[in-house]
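A short worksheet on the structure shown next.
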Number of protein chains: 2
Amino acid sequence: MRRVLAIALSLGCAAAVADRLHGATAAPVIPAETRRVAESLRESAFTGTRASEWVRGLIDTAGPRLSGSPGDKAAIAWGLTTLKALGFANVHAEKVMAPHWERGVETGEVTAPHPHKLFLTALGGSVGTPESGLEAEVIEVGSLDELAAKKEADVRGKIVFFNKRMRRTADGAGYGETVPVRSKGASQAAALGAVGVLIRSVGTDSNRTPHTGSLRYEEGVPKIPAAALSIPDADLLERLDRDGKVRVRFTLGCRDFGLSETANVIGDIPGRGNPEEIVLLAAHRDSWDLGEGAIDDGAGCGVIIEAARLIGALPKRPRRTIRVILVANEENGLAGAKAYEADHAAELPRHVAALESDLGAGRPTGFSWNAGPSAEPLVREIAALLEPLGGNDVRSTGAGGADISRLVLAGVPLFTVRQDASRYFDWHHTSNDTFDKIEPEELDQVTAAVAVFAYVSASVPEPFEKIPVERRVLPPSDGDRPPR
Amino acid sequence: MRRVLAIALSLGCAAAVADRLHGATAAPVIPAETRRVAESLRESAFTGTRASEWVRGLIDTAGPRLSGSPGDKAAIAWGLTTLKALGFANVHAEKVMAPHWERGVETGEVTAPHPHKLFLTALGGSVGTPESGLEAEVIEVGSLDELAAKKEADVRGKIVFFNKRMRRTADGAGYGETVPVRSKGASQAAALGAVGVLIRSVGTDSNRTPHTGSLRYEEGVPKIPAAALSIPDADLLERLDRDGKVRVRFTLGCRDFGLSETANVIGDIPGRGNPEEIVLLAAHRDSWDLGEGAIDDGAGCGVIIEAARLIGALPKRPRRTIRVILVANEENGLAGAKAYEADHAAELPRHVAALESDLGAGRPTGFSWNAGPSAEPLVREIAALLEPLGGNDVRSTGAGGADISRLVLAGVPLFTVRQDASRYFDWHHTSNDTFDKIEPEELDQVTAAVAVFAYVSASVPEPFEKIPVERRVLPPSDGDRPPR
């Protein structure tokens with residue numbers, strides 16, 4: 001997709017722009033009183049917030065909460081109770097029918113040349129193996145392209161082992177580079193006659209904790225079982241494979257239970273003057289089943305609830321409504337996002353901005369935006385307000401997040417607080433996604449950034465220009481690529 | 001135990017001693033030619049060795065190798081084959097009858113106030129639970145002392161949760177402080193009527209990878225099931241417990257299979273002049289069953305094999321024999337150490353030194369010794385030779401290691417290369433003990449230190465003075481405390 005805008009403002013540049021805007025050449029877009037309140041919100045949140053308290057409440061009460069699980073239902077109840085207790089208005093659940101898939105028993109072992117236990121986990125949506133497991137010789141490839149270059153005779157009857165390493169990057173870019181192996185590998189291997197797929201986990205750690213995440217089966221190609229190996233197990237398979245032929249047996253007990261009822265949970269901080277206009281703050285309420293869903297996306301839920309609560313507690317609320325949505329089924333279907341889009345279609349033209357928080361609990365590093373070009377001066381002023389939080393990397397590409405990215409079709413301006421994701425992919429989609437991975441101080445910084453963004457967006461006289469019609473296209477999807 | 005000697009020489013001090021010894025006041029103990037060869041060995045090993053290759057061979061071939069397991073047998077075969085291939089003399093296995101315990105199925109969950117899966121693992125030697133599991137209310141204590149202060153009425157019928165945190169220290173001292181909870185907690189809790197024990201893993205990580213390790217049941221007290229929670233799970237239980245009553249259910253399928261045959265594997269680099277005198281290099285061949293036993297103690301096996309091999313490859317071998325022993329059953333019984341002590345009783349007076357390598361793959365930081373006082377000048381000269389490797393922390397306390405510590409009874413001088421254990425207890429006794437945790441360059445440094453020690457000990461005209469008779473007592477044992 002051609003990027004119409006591609007601006008990267010450095011700290012110095014953003015500051016210079018702000019200076020210029022305060023100088024003789026242009027009047028500031030943000031009124032002085034709004035700016036003062038936003039700065040005060042930022043200072044107060046930077047000092048400490050209750051964001052991690054909400055994260056703890058969600059995960060200690062509900063635990064893992066994949067669509068259709070008991071934890072999913074507990075999290076809906078927790079969301080309703082919590083938003084009501086915190087004084088949100090219009091608190092309610094909106095029904096969503098979402099995929100219900102369960103993992104079941106999982107085992108893995110190298111059977112030749114020497115026996116070794118393998119730590120692996122099914123990719124989300126995978127079909128199961130026969131109960132007695134699946135055993136075959138392994139063929140290792142480094143990428144989808146490398147598999148595409150193989151002859152069918154080399155692949156047929158084998159287990160394809162995708163051994164692609166993910167780069168550790170502060171912005172999480174390594175994920176997008178690697179995740180197509182997870183989302184597309186199974187069907188590509190099946191098309192060449194493979195009987196199963198193992199991938200090196202899409203992650204940056206070295207723990208015996210494999211990373212799950214969704215796959216997508218292509219129509220017209222046999223569905224074969226696919227699992228992720230922990231990274232030390234991928235290393236083992238790589239060492240053994242390079243010494244000679246390796247055979248692996250694995251068992252996946254996972255099953256598809258069709259659709260199951262779940263819900264988006266919504267609560268509003270009503271605007272004073274134009275309550276029908278909405279600034280949407282999104283995070284996803286569901287999580288994968290392996291861990292406790294603390295960083296993905298308990299953190300985001302805590303951030304948006306707390307940012308909205310802080311604004312609701314101000315002496316004078318902003319003119320527009322701030323809506324918090326705890327979205328269902330981000331991980332394996334995006335049914336919650338699609339349901340919101342359908343249920344609120346009439347309201348979408350009055351959505352002045354949407355921001356999703358779904359990149360863990362790391363400190364803010366910047367700001368991404370996707371709106372009409374005339375929004376730029378306002379975006380730059382907001383970015384300047386966030387600068388003391390450490391967030392000075394402002395980009396006009398990639399804003400969104402899986403749950404709000406479809407709103408591009410309605411032209412809703414999309415925003416993301418960029419975060420330090422250096423360690424996020426050590427824990428993402430693993431059993432290690434637990435509360436201890438949250439640093440409350442860093443979460444406070446993210447909360448401050450989201451609160452400032454939301455307050456200003458809900459207060460300025462003229463909101464952001466909508467995304468121009470010619471750019472209202474869905475971004476390419478590779479599973480659940482994180483927001484940038 | 002009163003420490004008879006308590007000398008800590010700093011880098012500067014060791015260097016000064018070496019200077020003095022080369023000056024007018026005293027002739028050096030190490031002959032010039034021996035020193036020259038030792039320095040050359042050090043330089044060569046520091047440049048790179050094959051130690052990590054032997055570690056890889058052991059773990060890729062045998063995998064986990066708890067006494068009585070198929071991996072244990074595979075590791076015996078690997079040891080014999082490898083030592084023969086590398087040109088060791090007198091390569092053979094010596095039969096050992098060792099405990100055979102198997103883990104079986106393990107499950108855990110919080111059942112109230114909210115359901116949560118728990119990641120836990122049986123402590124080594126634990127009895128199993130009933131097949132349907134064991135469910136009870138939890139009582140949390142921070143230490144053995146805190147439990148001792150409880151009334152029986154508070155403990156009876158409950159699961160005691162020992163929530164003692166291990167400190168991260170470079171020398172591993174945090175382990176010795178914490179491990180009594182693991183070794184003694186079950187019997188102490190049972191004496192007060194508890195039905196089960198959960199401990200916070202004795203480790204320094206934050207992964208969902210619980211740390212196993214042996215417990216010791218006291219005679220005359222009921223044996224109750226005991227397991228270690230992963231550290232994030234201990235955090236969860238702590239949070240839930242402080243909010244109110246918590247109930248836990250867990251299932252341990254572990255079983256005791258009595259004694260099973262295993263073996264110590266031995267190989268010699270024969271001395272030229274006094275081959276009947278022996279410098280013993282020990283590491284343990286067995287490992288816990290959860291990981292691959294790379295750092296514990298594949299690393300030690302790699303180090304001692306390579307150190308001896310390098311000495312055997314010298315143009316002129318030292319006067320005494322260097323014996324490598326890959327010891328059986330260190331983890332859950334010390335049967336290998338006891339068997340060597342019994343089988344070689346007649347030979348022990350001719351053991352001039354013993355060194356064990358069993359603290360992972362971290363770089364050397366110093367040297368510990370336990371010998372007669374007149375050995376001090378020689379020890380200081382060896383320490384000075386190790387100084388360029390980073391090892392300048394010389395102590396006369398705590399030398400040993402579980403497999404050689406019993407040799408104190410025969411007065412055999414005991415030595416340890418101290419190592420940086422900062423990260424060792426992140427992985428120790430967990431599924432995460434895998435080959436990727438080995439840094440080959442650091443292992444080379446340890447190998448260099450062991451090679452220099454062994455070469456000098458086997459070469460000097462007068463060996464170390466034996467441990468004086470009045471100090472020939474076993475150190476207090478707390479499970480498998482590491483060497484210092």
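Here's how to read the names in the structure tokens: chain A, B, ... by the order shown, residue numbers from 1 in each chain, ligand numbers from 1 in the order shown.
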
Practice problem: Do me a favour and pick out the residues of chain A within 8 Å of chain B, using only C-alpha atoms, as a PyMOL selection string. | Solution: chain A and resi 60-63+114-116+206-209+232+235-236+240+431-432+434-436

How about saving the chosen residues, C-alpha atoms kept, as a compact mmCIF listing (two decimals), in the first residue's frame?
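This is the output file selection07.txt:
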# COMPACT_ATOMS: atom_id res chain seq x y z
CA ASP A 60 -7.00 -11.83 39.26
CA THR A 61 -10.77 -12.07 38.83
CA ALA A 62 -11.02 -13.49 35.33
CA GLY A 63 -7.63 -15.01 34.52
CA HIS A 114 17.48 -39.32 20.06
CA PRO A 115 14.36 -38.93 22.21
CA HIS A 116 13.67 -35.42 23.50
CA SER A 206 14.69 -18.01 25.35
CA ASN A 207 12.15 -19.71 27.59
CA ARG A 208 10.40 -23.06 27.34
CA THR A 209 7.17 -21.08 26.90
CA PRO A 232 14.98 -23.43 22.96
CA ASP A 235 17.14 -24.43 18.63
CA LEU A 236 17.26 -28.11 19.53
CA LEU A 240 19.50 -32.12 15.43
CA SER A 431 2.07 -18.54 29.73
CA ASN A 432 4.48 -15.84 30.91
CA THR A 434 1.40 -12.44 33.99
CA PHE A 435 0.91 -9.47 36.28
CA ASP A 436 4.57 -9.24 37.36

Exercise. Determine which residues of stretch 299-442 of chain B receive a DSSP assignment of strand (DSSP E or B), computed from the backbone, and state them as number ranges by chain.
Key: B: 320-327, 351-356, 364-370, 393-395, 414-419

Exercise. Report the residues of stretch 219-317 of chain B whose backbone DSSP state falls under helix (DSSP H, G or I), written as a PyMOL selection string.
Key: chain B and resi 231-243+294-312

Exercise. Quick one: pull the distance between atom CA of A:Ala227 and atom CA of A:Glu330, Å, one decimal.
Key: 19.9 Å

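The space separating atom CA of A:Glu306 from atom CA of A:Pro275 comes to 19.9 Å.
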
Quiz item: Which residues come within 12 Å of A:Arg182, counting only C-alpha atoms, excluding same-chain residues fewer than 4 positions away, as a ChimeraX atom specification?
Solution: /A:122-126,143-144,161-166,175-178,186-189,197-203,211-217,226-229,478-481

Generate a file of the selected residues that holds C-alpha atoms, formatted as a compact mmCIF listing (two decimals), in the first residue's frame.
# COMPACT_ATOMS: atom_id res chain seq x y z
CA ALA A 122 -1.14 -25.25 19.08
CA LEU A 123 -1.56 -22.16 16.94
CA GLY A 124 -4.96 -20.61 17.55
CA GLY A 125 -7.56 -22.15 15.28
CA SER A 126 -5.47 -25.18 14.41
CA SER A 143 10.83 -18.68 5.53
CA LEU A 144 7.69 -18.88 3.41
CA PHE A 161 9.51 -26.75 10.49
CA PHE A 162 9.53 -22.98 9.87
CA ASN A 163 12.65 -21.80 11.68
CA LYS A 164 12.44 -18.05 11.18
CA ARG A 165 13.94 -15.88 13.93
CA MET A 166 12.16 -12.74 15.13
CA TYR A 175 6.77 -9.11 14.82
CA GLY A 176 5.26 -7.95 11.57
CA GLU A 177 8.24 -9.33 9.67
CA THR A 178 7.93 -12.78 11.21
CA ALA A 186 0.10 -24.14 7.53
CA SER A 187 -1.80 -23.67 4.29
CA GLN A 188 1.33 -23.08 2.25
CA ALA A 189 2.85 -26.29 3.62
CA VAL A 197 3.60 -27.66 10.68
CA LEU A 198 5.86 -26.58 13.50
CA ILE A 199 7.07 -23.00 13.71
CA ARG A 200 9.78 -21.40 15.78
CA SER A 201 7.72 -19.26 18.17
CA VAL A 202 7.24 -15.69 17.03
CA GLY A 203 8.97 -14.20 20.05
CA HIS A 211 3.99 -18.44 21.76
CA THR A 212 0.53 -19.14 20.40
CA GLY A 213 -1.41 -16.84 18.04
CA SER A 214 -3.87 -17.27 15.23
CA LEU A 215 -3.34 -19.01 11.93
CA ARG A 216 -5.51 -18.63 8.85
CA TYR A 217 -6.39 -21.66 6.76
CA ALA A 226 0.13 -26.46 13.34
CA ALA A 227 1.98 -25.69 16.55
CA ALA A 228 4.68 -23.34 17.81
CA LEU A 229 7.84 -24.69 19.42
CA ASP A 478 -1.00 -10.69 9.03
CA GLY A 479 -2.76 -12.23 11.96
CA ASP A 480 -2.93 -9.89 14.88
CA ARG A 481 -0.14 -7.49 14.01

Quiz prompt | Contact residues around A:Val450 with only C-alpha atoms at 8 Å, ignoring same-chain residues under 2 positions, as number ranges by chain | solution = A: 303-304, 307, 417, 446-448, 452-454

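Restricting the calculation to only C-alpha atoms, the smallest distance between A:Ile382 and any of A:Gln445, A:Ser422, A:Thr121, A:Ser457 is found for A:Ser457.
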
Quiz item: Which neighbours of A:Ile224 fall inside 7 Å, counting only C-alpha atoms, when residues of the same chain fewer than 4 positions from it are skipped, and could you give them as a VMD selection string?
Solution: chain A and resid 127 186 190 195 to 196

Practice problem: Go through A:Arg380, A:Ala458, A:Arg423, A:Gly398 and flag the residue nearest A:Arg320, using only C-alpha atoms for the distances. | Solution: A:Ala458

Quiz item: Which distance in Å separates atom CA of B:Trp54 and atom CA of B:Leu443, to one decimal?
Solution: 11.2 Å

Quiz prompt | Residues within 7 Å of stretch 145-158 of chain A, only C-alpha atoms, excluding chain neighbours under 2 positions, as a count of residues only | solution = 13

Quiz item: Could you name the residues that touch B:Ile295 at 7 Å or less, counting only C-alpha atoms, but leaving out those on the same chain fewer than 2 positions away, as a list in words?
Solution: Gly293, Asp297, Gly298, Ala299, Gly360, Ala361, Asp433 and Ile438 of chain B

Go ahead and save the residues from that selection, with N, CA, C and O atoms, as a CSV table (one decimal), in the first residue's frame.
chain,number,residue,atom,x,y,z
B,293,GLY,N,19.4,-30.2,31.3
B,293,GLY,CA,20.6,-30.3,32.1
B,293,GLY,C,21.8,-29.7,31.5
B,293,GLY,O,22.9,-30.3,31.5
B,297,ASP,N,24.3,-30.4,35.0
B,297,ASP,CA,25.6,-29.9,35.0
B,297,ASP,C,26.4,-30.3,33.8
B,297,ASP,O,27.5,-30.7,33.8
B,298,GLY,N,25.6,-30.2,32.6
B,298,GLY,CA,26.3,-30.4,31.4
B,298,GLY,C,27.5,-29.5,31.3
B,298,GLY,O,28.6,-30.0,30.8
B,299,ALA,N,27.4,-28.3,31.7
B,299,ALA,CA,28.5,-27.3,31.7
B,299,ALA,C,29.7,-27.9,32.4
B,299,ALA,O,30.8,-27.8,31.9
B,360,GLY,N,27.2,-24.0,36.8
B,360,GLY,CA,26.8,-23.4,35.5
B,360,GLY,C,28.0,-23.0,34.6
B,360,GLY,O,29.1,-23.5,34.8
B,361,ALA,N,27.6,-22.1,33.7
B,361,ALA,CA,28.5,-21.7,32.6
B,361,ALA,C,29.0,-20.3,32.8
B,361,ALA,O,29.6,-19.7,31.8
B,433,ASP,N,16.5,-25.1,31.6
B,433,ASP,CA,18.0,-25.4,31.6
B,433,ASP,C,18.3,-26.1,30.2
B,433,ASP,O,18.4,-27.3,30.1
B,438,ILE,N,24.1,-21.6,27.6
B,438,ILE,CA,25.6,-21.7,27.7
B,438,ILE,C,26.2,-20.6,26.8
B,438,ILE,O,25.9,-20.6,25.6
